[in-house]
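Dropping start_14.txt in here (compact mmCIF, C-alpha atoms and all ligand atoms):
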```txt
# COMPACT_ATOMS: atom_id res chain seq x y z
CA MET A 74 92.47 83.68 135.14
CA LYS A 75 93.35 83.03 131.51
CA ASN A 76 93.33 79.48 130.11
CA VAL A 77 96.59 77.67 129.59
CA ALA A 78 97.52 77.52 125.89
CA ILE A 79 100.85 75.67 126.08
CA GLU A 80 102.20 73.60 128.93
CA MET A 81 105.60 71.93 128.85
CA LYS A 82 106.46 69.96 131.99
CA ASN A 83 109.91 68.58 132.82
CA VAL A 84 110.69 68.08 129.16
CA SER A 85 113.98 66.61 127.96
CA ARG A 86 114.98 66.02 124.36
CA LYS A 87 117.83 63.80 123.22
CA PHE A 88 119.07 63.49 119.66
CA VAL A 89 121.07 60.52 118.42
CA SER A 90 123.22 61.12 115.35
CA PRO A 91 123.76 58.43 112.64
CA THR A 92 127.18 57.73 114.26
CA GLY A 93 125.51 57.12 117.63
CA LYS A 94 126.55 60.42 119.24
CA ILE A 95 123.95 61.57 121.78
CA THR A 96 123.13 65.26 122.21
CA LEU A 97 120.92 66.35 125.07
CA ALA A 98 119.28 69.48 123.65
CA LEU A 99 116.89 70.27 126.53
CA ARG A 100 116.90 69.13 130.14
CA ASP A 101 114.02 69.33 132.58
CA PHE A 102 112.47 72.26 130.74
CA SER A 103 109.12 73.61 131.94
CA LEU A 104 107.09 76.47 130.52
CA THR A 105 103.46 77.57 130.82
CA VAL A 106 101.98 80.03 128.32
CA HIS A 107 98.46 81.40 128.86
CA GLU A 108 96.02 82.47 126.16
CA GLY A 109 97.05 85.80 124.69
CA ASP A 110 100.53 85.82 126.33
CA PHE A 111 103.48 87.06 124.31
CA ILE A 112 106.57 85.18 125.48
CA ALA A 113 110.09 85.76 124.18
CA ILE A 114 112.86 83.20 124.60
CA VAL A 115 116.51 84.23 124.53
CA GLY A 116 119.51 82.00 125.03
CA PRO A 117 122.92 81.10 123.66
CA THR A 118 123.31 79.34 120.35
CA GLY A 119 122.51 75.63 120.51
CA CYS A 120 120.63 75.83 123.83
CA GLY A 121 117.48 74.23 122.40
CA LYS A 122 115.26 77.17 121.43
CA SER A 123 114.25 75.79 118.02
CA THR A 124 113.92 72.32 119.55
CA THR A 125 111.38 73.78 122.02
CA LEU A 126 109.27 75.22 119.19
CA GLY A 127 109.53 71.92 117.29
CA MET A 128 108.06 70.06 120.25
CA ILE A 129 105.05 72.38 120.42
CA THR A 130 104.37 71.84 116.71
CA GLY A 131 104.45 68.08 117.14
CA LEU A 132 107.28 67.73 114.62
CA ASN A 133 109.73 66.83 117.31
CA PRO A 134 108.38 64.74 120.23
CA PRO A 135 110.01 65.00 123.68
CA SER A 136 112.21 62.14 124.95
CA SER A 137 110.60 62.56 128.39
CA GLY A 138 108.15 64.93 130.05
CA SER A 139 104.90 66.24 128.61
CA VAL A 140 103.92 68.88 126.06
CA LYS A 141 100.27 69.95 125.98
CA VAL A 142 98.46 72.45 123.77
CA PHE A 143 95.07 73.60 125.09
CA GLY A 144 95.15 70.76 127.60
CA LYS A 145 95.79 67.97 125.08
CA SER A 146 99.02 66.09 124.52
CA VAL A 147 100.60 67.18 121.26
CA GLN A 148 100.14 64.55 118.58
CA GLY A 149 101.01 65.62 115.07
CA ILE A 150 100.51 68.99 113.43
CA ASP A 151 97.85 71.23 114.98
CA PRO A 152 95.99 73.63 112.64
CA ASN A 153 95.69 76.13 115.52
CA ILE A 154 99.43 76.75 115.32
CA GLY A 155 101.07 79.21 112.91
CA PHE A 156 104.81 79.60 112.34
CA VAL A 157 107.09 82.31 111.05
CA PHE A 158 110.75 81.41 110.62
CA GLN A 159 113.92 83.28 109.76
CA ALA A 160 113.97 81.97 106.20
CA ASP A 161 111.18 83.15 103.92
CA ALA A 162 108.55 80.45 103.69
CA VAL A 163 106.81 82.04 100.71
CA PHE A 164 106.44 80.07 97.48
CA PRO A 165 108.66 81.75 94.85
CA TRP A 166 106.47 80.65 91.93
CA LYS A 167 103.29 82.13 93.38
CA SER A 168 102.22 85.78 93.35
CA VAL A 169 101.74 87.67 96.63
CA ILE A 170 97.97 87.17 96.60
CA ASP A 171 98.26 83.47 95.80
CA ASN A 172 100.82 83.05 98.57
CA VAL A 173 98.56 84.73 101.12
CA ALA A 174 95.42 82.87 100.00
CA ILE A 175 97.05 79.45 100.20
CA GLY A 176 96.07 78.59 103.81
CA PRO A 177 92.31 79.16 103.42
CA ILE A 178 92.34 77.43 100.00
CA PHE A 179 94.16 74.48 101.49
CA ARG A 180 91.45 74.25 104.16
CA GLY A 181 88.71 74.21 101.52
CA THR A 182 87.59 77.87 101.40
CA ASP A 183 86.14 78.90 98.04
CA PRO A 184 89.07 80.42 96.04
CA LYS A 185 87.16 83.64 95.33
CA ILE A 186 86.49 84.16 99.07
CA ALA A 187 90.09 83.17 99.90
CA HIS A 188 91.37 85.80 97.45
CA ASP A 189 89.12 88.48 98.99
CA MET A 190 90.42 87.55 102.44
CA ALA A 191 93.99 87.64 101.10
CA ALA A 192 93.45 91.10 99.56
CA ASP A 193 92.30 92.34 102.96
CA TRP A 194 95.37 90.93 104.72
CA ILE A 195 97.65 92.35 102.04
CA ARG A 196 96.13 95.77 102.78
CA ARG A 197 96.63 95.27 106.51
CA VAL A 198 100.35 94.57 106.06
CA GLY A 199 100.73 97.58 103.74
CA LEU A 200 101.28 95.75 100.44
CA THR A 201 98.27 96.95 98.45
CA GLY A 202 99.41 97.34 94.84
CA PHE A 203 101.81 94.40 95.07
CA GLU A 204 99.20 91.63 94.87
CA HIS A 205 100.49 90.33 91.55
CA HIS A 206 104.20 90.69 92.22
CA TYR A 207 106.31 87.60 92.79
CA PRO A 208 108.51 87.18 95.89
CA HIS A 209 111.76 87.87 93.96
CA GLN A 210 110.35 91.29 93.01
CA LEU A 211 109.99 92.31 96.67
CA SER A 212 112.45 93.52 99.33
CA GLY A 213 113.27 91.32 102.35
CA GLY A 214 110.92 93.39 104.54
CA MET A 215 108.09 93.08 102.01
CA ARG A 216 108.56 89.31 101.81
CA LYS A 217 108.37 89.18 105.59
CA ARG A 218 105.09 91.11 105.42
CA VAL A 219 103.79 88.49 102.98
CA ALA A 220 104.83 85.79 105.47
CA LEU A 221 102.97 87.59 108.28
CA ALA A 222 99.82 87.97 106.14
CA GLN A 223 100.12 84.30 105.09
CA THR A 224 100.23 83.31 108.77
CA PHE A 225 97.68 85.74 110.26
CA ILE A 226 95.03 84.95 107.60
CA ASN A 227 94.73 81.52 109.25
CA GLU A 228 93.94 83.18 112.59
CA PRO A 229 96.25 80.87 114.55
CA LYS A 230 95.57 80.60 118.27
CA ILE A 231 99.26 79.96 118.80
CA LEU A 232 102.02 81.66 116.89
CA LEU A 233 105.57 80.32 117.00
CA MET A 234 108.24 82.65 115.66
CA ASP A 235 111.87 81.54 115.29
CA GLU A 236 114.12 84.59 114.79
CA PRO A 237 111.67 85.88 112.17
CA PHE A 238 113.28 89.30 111.71
CA SER A 239 116.95 88.49 112.18
CA ALA A 240 117.83 88.77 108.47
CA LEU A 241 116.34 92.29 108.17
CA ASP A 242 118.18 95.59 108.42
CA VAL A 243 117.75 97.54 111.67
CA GLN A 244 115.12 100.01 110.38
CA THR A 245 112.97 97.39 108.64
CA ARG A 246 113.23 95.22 111.69
CA ALA A 247 111.94 98.01 113.94
CA LEU A 248 109.00 98.57 111.55
CA MET A 249 108.20 94.87 111.45
CA GLN A 250 108.22 94.68 115.27
CA GLU A 251 105.67 97.52 115.42
CA GLU A 252 103.57 95.80 112.75
CA LEU A 253 103.69 92.47 114.52
CA LEU A 254 102.43 94.06 117.76
CA GLY A 255 99.64 95.80 115.81
CA LEU A 256 98.51 92.55 114.17
CA TRP A 257 98.85 90.56 117.39
CA SER A 258 96.82 93.08 119.43
CA GLU A 259 93.78 92.50 117.18
CA LYS A 260 93.44 88.78 117.88
CA LYS A 261 95.82 88.12 120.76
CA ALA A 262 97.23 84.75 119.76
CA SER A 263 99.60 83.19 122.31
CA VAL A 264 103.07 83.89 120.93
CA ILE A 265 106.44 82.31 121.55
CA PHE A 266 109.08 84.45 119.88
CA VAL A 267 112.66 83.16 119.77
CA THR A 268 115.38 85.76 119.30
CA HIS A 269 119.03 86.45 120.03
CA ASP A 270 118.24 90.13 120.47
CA ILE A 271 117.49 91.08 124.09
CA GLU A 272 116.04 94.47 123.12
CA GLU A 273 113.70 92.85 120.61
CA ALA A 274 112.56 90.40 123.30
CA ILE A 275 111.81 93.17 125.82
CA ALA A 276 110.17 95.43 123.22
CA LEU A 277 107.68 92.74 122.18
CA ALA A 278 107.00 90.42 125.09
CA ASP A 279 105.00 90.22 128.31
CA ARG A 280 107.61 87.81 129.66
CA VAL A 281 111.20 87.07 128.63
CA ILE A 282 112.61 83.62 129.41
CA VAL A 283 116.39 83.21 129.54
CA LEU A 284 117.69 79.72 128.76
CA SER A 285 120.95 78.31 130.05
CA LYS A 286 123.53 76.97 127.62
CA GLY A 287 122.83 73.52 126.23
CA PRO A 288 121.31 71.30 127.41
CA GLY A 289 118.87 74.17 127.81
CA SER A 290 116.67 74.74 130.83
CA VAL A 291 115.00 77.88 132.17
CA LYS A 292 117.62 80.04 133.86
CA SER A 293 115.43 83.05 134.65
CA SER A 294 112.17 84.70 133.70
CA TYR A 295 111.37 88.42 133.60
CA GLU A 296 107.92 90.03 133.55
CA ILE A 297 107.97 93.05 131.23
CA PRO A 298 105.85 95.76 132.83
CA LEU A 299 105.84 98.13 129.81
CA ALA A 300 102.32 99.39 129.03
CA ARG A 301 100.28 98.19 126.04
CA PRO A 302 99.62 99.29 123.39
CA ARG A 303 103.36 99.75 123.27
CA ASP A 304 105.17 102.41 121.35
CA ILE A 305 108.44 100.52 120.91
CA SER A 306 110.42 103.48 119.59
CA GLU A 307 109.54 105.45 122.76
CA ALA A 308 109.75 102.55 125.22
CA ARG A 309 113.29 101.62 124.14
CA TYR A 310 114.72 104.72 125.80
CA SER A 311 112.87 104.44 129.11
CA ASP A 312 114.86 103.75 132.28
CA GLU A 313 112.77 100.62 132.85
CA PHE A 314 113.74 99.22 129.45
CA VAL A 315 117.43 99.95 129.90
CA HIS A 316 117.39 98.43 133.39
CA LEU A 317 115.73 95.23 132.11
CA SER A 318 118.22 94.97 129.22
CA LYS A 319 121.11 95.16 131.66
CA GLN A 320 119.60 92.54 133.98
CA ILE A 321 118.85 90.09 131.17
CA TRP A 322 122.26 90.60 129.59
CA SER A 323 123.98 89.94 132.91
CA ASP A 324 122.12 86.59 133.07
CA LEU A 325 122.82 85.72 129.48
CA LYS A 326 126.46 86.69 129.36
CA ASP A 327 127.47 83.91 131.77
CA GLU A 328 125.88 81.45 129.34
CA VAL A 329 127.51 82.75 126.17
CA GLN A 330 131.05 83.10 127.49
CA ILE A 331 133.51 80.84 125.67
N1 LIG A 401 117.83 66.69 114.37
C1 LIG A 401 118.88 66.81 115.18
N2 LIG A 401 119.81 65.83 115.28
C2 LIG A 401 120.86 65.94 116.12
N3 LIG A 401 121.08 67.02 116.92
C3 LIG A 401 120.21 68.02 116.85
C4 LIG A 401 119.05 67.99 115.98
N4 LIG A 401 118.35 69.15 116.14
C5 LIG A 401 119.03 69.88 117.07
N5 LIG A 401 120.13 69.20 117.50
C6 LIG A 401 121.09 69.64 118.52
O1 LIG A 401 120.34 70.08 119.66
C7 LIG A 401 120.93 71.24 120.22
C8 LIG A 401 119.89 72.36 120.26
O2 LIG A 401 119.61 72.80 118.92
P1 LIG A 401 118.58 73.97 118.61
O3 LIG A 401 118.55 74.16 117.13
O4 LIG A 401 117.30 73.71 119.30
O5 LIG A 401 119.30 75.21 119.31
P2 LIG A 401 118.97 76.78 119.21
O6 LIG A 401 119.00 77.29 120.63
O7 LIG A 401 117.73 77.01 118.44
O8 LIG A 401 120.25 77.30 118.42
P3 LIG A 401 120.49 78.63 117.54
O9 LIG A 401 120.34 79.78 118.49
O10 LIG A 401 121.90 78.48 117.08
O11 LIG A 401 119.47 78.62 116.44
C9 LIG A 401 122.15 71.57 119.39
O12 LIG A 401 123.28 71.01 120.02
C10 LIG A 401 121.89 70.86 118.08
O13 LIG A 401 123.07 70.47 117.45
```
Let me see the file written as C-alpha cells.
Ligand SMILES: Nc1ncnc2c1ncn2[C@@H]1O[C@H](COP(=O)(O)OP(=O)(O)OP(=O)(O)O)[C@@H](O)[C@H]1O
Amino acid sequence: MKNVAIEMKNVSRKFVSPTGKITLALRDFSLTVHEGDFIAIVGPTGCGKSTTLGMITGLNPPSSGSVKVFGKSVQGIDPNIGFVFQADAVFPWKSVIDNVAIGPIFRGTDPKIAHDMAADWIRRVGLTGFEHHYPHQLSGGMRKRVALAQTFINEPKILLMDEPFSALDVQTRALMQEELLGLWSEKKASVIFVTHDIEEAIALADRVIVLSKGPGSVKSSYEIPLARPRDISEARYSDEFVHLSKQIWSDLKDEVQI
C-alpha cells in the first residue's frame, strides 16, 4: 500500500470580507492522495478548487478540519510542494536559464551546478537553443515549458497545478499534457490538477474528483482505468474515455446549471 501524501479531513473554509460578508468556500471536504497519485479536480466556478490547493500549500489555513502533508499538519510553506498556475510565474527580467536555475540557487546550490541542472531541464522540455531568450521572446506554450522546467528542477514530491494549460490553444495544450505525463512518469510526484476541462482531467489523472457547487464538497469520484504510459491522443477516442466523459459531465452539469 502506498503512503499517504495529502490528507484533508472534514475541512471547511470560511472567508470574511472587509464588509463582514461571510463566504463558505468549502464544506466538510475530505480527500486522500497517495504517493505518486495523479488526481484531477473538476467543479463549477467558485466551488473552492483554488481554495483547496491554497490549504495544502499552507497559504490558506482551514477554518475547521485537518490538512496533513506526509502525516504532518500543514504549517507554512513546504519545500516539497511545487506549483504551476494559469498565469506565467516566470520572471520577465530573467533569461530562460536563469528562470529555471532559480530554485536550486535559492536553496544554496552552487550557481554553476544550478545552471548545468537548468540546461538539462531546458533540454528535457524541448527548449535547447532558447537558454538566453527572455520570456517575452517566447510563445505561451514555450513559457509554460519554462514554468514546468522551473518546477520539476526542484523535484517536488507534491505538485499542485491550478488550470495550468487553460490559456493555451488546443494543439499546444494537447502537447503540454503529453509532456506533463512524460515528466511526471519519471519521478511520480503526487499531483493535484485543477481544471474546468473534463477531457483534460480524464486524459491525465488516475482519479477525477467532481466538486459540488459552492460551498464545495466532494460530489463524486471516478477511477480512470486507462493504461499507463498513456497515449492521450489515442485514448481520447476509446469507448471507455467517451463513456467516462459522459458520466462526469452528467454529474457536473447539475452543478453548473444557472
Ligand atoms: N480571499 C478571499 N476572500 C473572500 N472570499 C474568497 C477568498 N478566496 C476565495 N473566496 C471565495 O471562495 C469561493 C471559492 O473560491 P475559489 O477561488 O476557491 O473557487 P474556484 O473553484 O477555484 O473558482 P474558479 O473555478 O472560478 O477558479 C468563492 O466564492 C470566492 O469568492
- Here CA of Asn83 in chain A and CA of Phe102 in chain A stand apart by 4.9 Å
- Item | Answer as JSON, numbers by chain, residues within 12 Å of (114.3, 90.1, 109.2) using all atoms listed in the file | {"A": [157, 158, 159, 160, 161, 212, 213, 214, 215, 216, 217, 218, 220, 221, 234, 235, 236, 237, 238, 239, 240, 241, 242, 243, 244, 245, 246, 247, 248, 249, 250, 268, 270, 273]}
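Minimum atom-to-atom distances from A:Ala187, A:Val283, A:Val77, A:Val198 to ligand LIG 401 (chain A) were compared using only C-alpha atoms and all ligand atoms, and the lowest value belongs to A:Val283.
Taking only C-alpha atoms and all ligand atoms into account, ligand LIG 401 (chain A) has within 7 Å the residues Phe88, Val89, Ser90, Thr96, Leu97, Ala98, Gly116, Pro117, Thr118, Gly119, Cys120, Gly121, Lys122, Ser123, Thr124, Thr125, His269 and Gly287 of chain A.
When CA of Phe156 in chain A is paired with CA of Ile129 in chain A, their separation reads 10.8 Å.
Those DNA, RNA and protein residues that approach the point (119.5, 67.3, 129.2) to within 7 Å, considering all atoms listed in the file, are Ser85, Arg86, Leu97, Ala98, Leu99, Arg100, Asp101 and Pro288 of chain A.
In this comparison, which uses only C-alpha atoms, the residue of A:Glu328, A:Asp312, A:Asp183, A:Glu108 approaching Ser263 in chain A most closely is A:Glu108.
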- So how far away is CA of Asn153 in chain A from CA of Ile231 in chain A, in Å? 6.2 Å
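Closest approach to Val147 in chain A from the set A:Thr92, A:Gln210, A:Ser285, A:Asn133 is made by A:Asn133, with distances taken over all atoms listed in the file.
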- Note on the structure: Residue with the minimum atom-to-atom distance to Ala191 in chain A, picked from A:Val163, A:Ser294, A:Val106, A:Ala222 with only C-alpha atoms counted, is A:Ala222
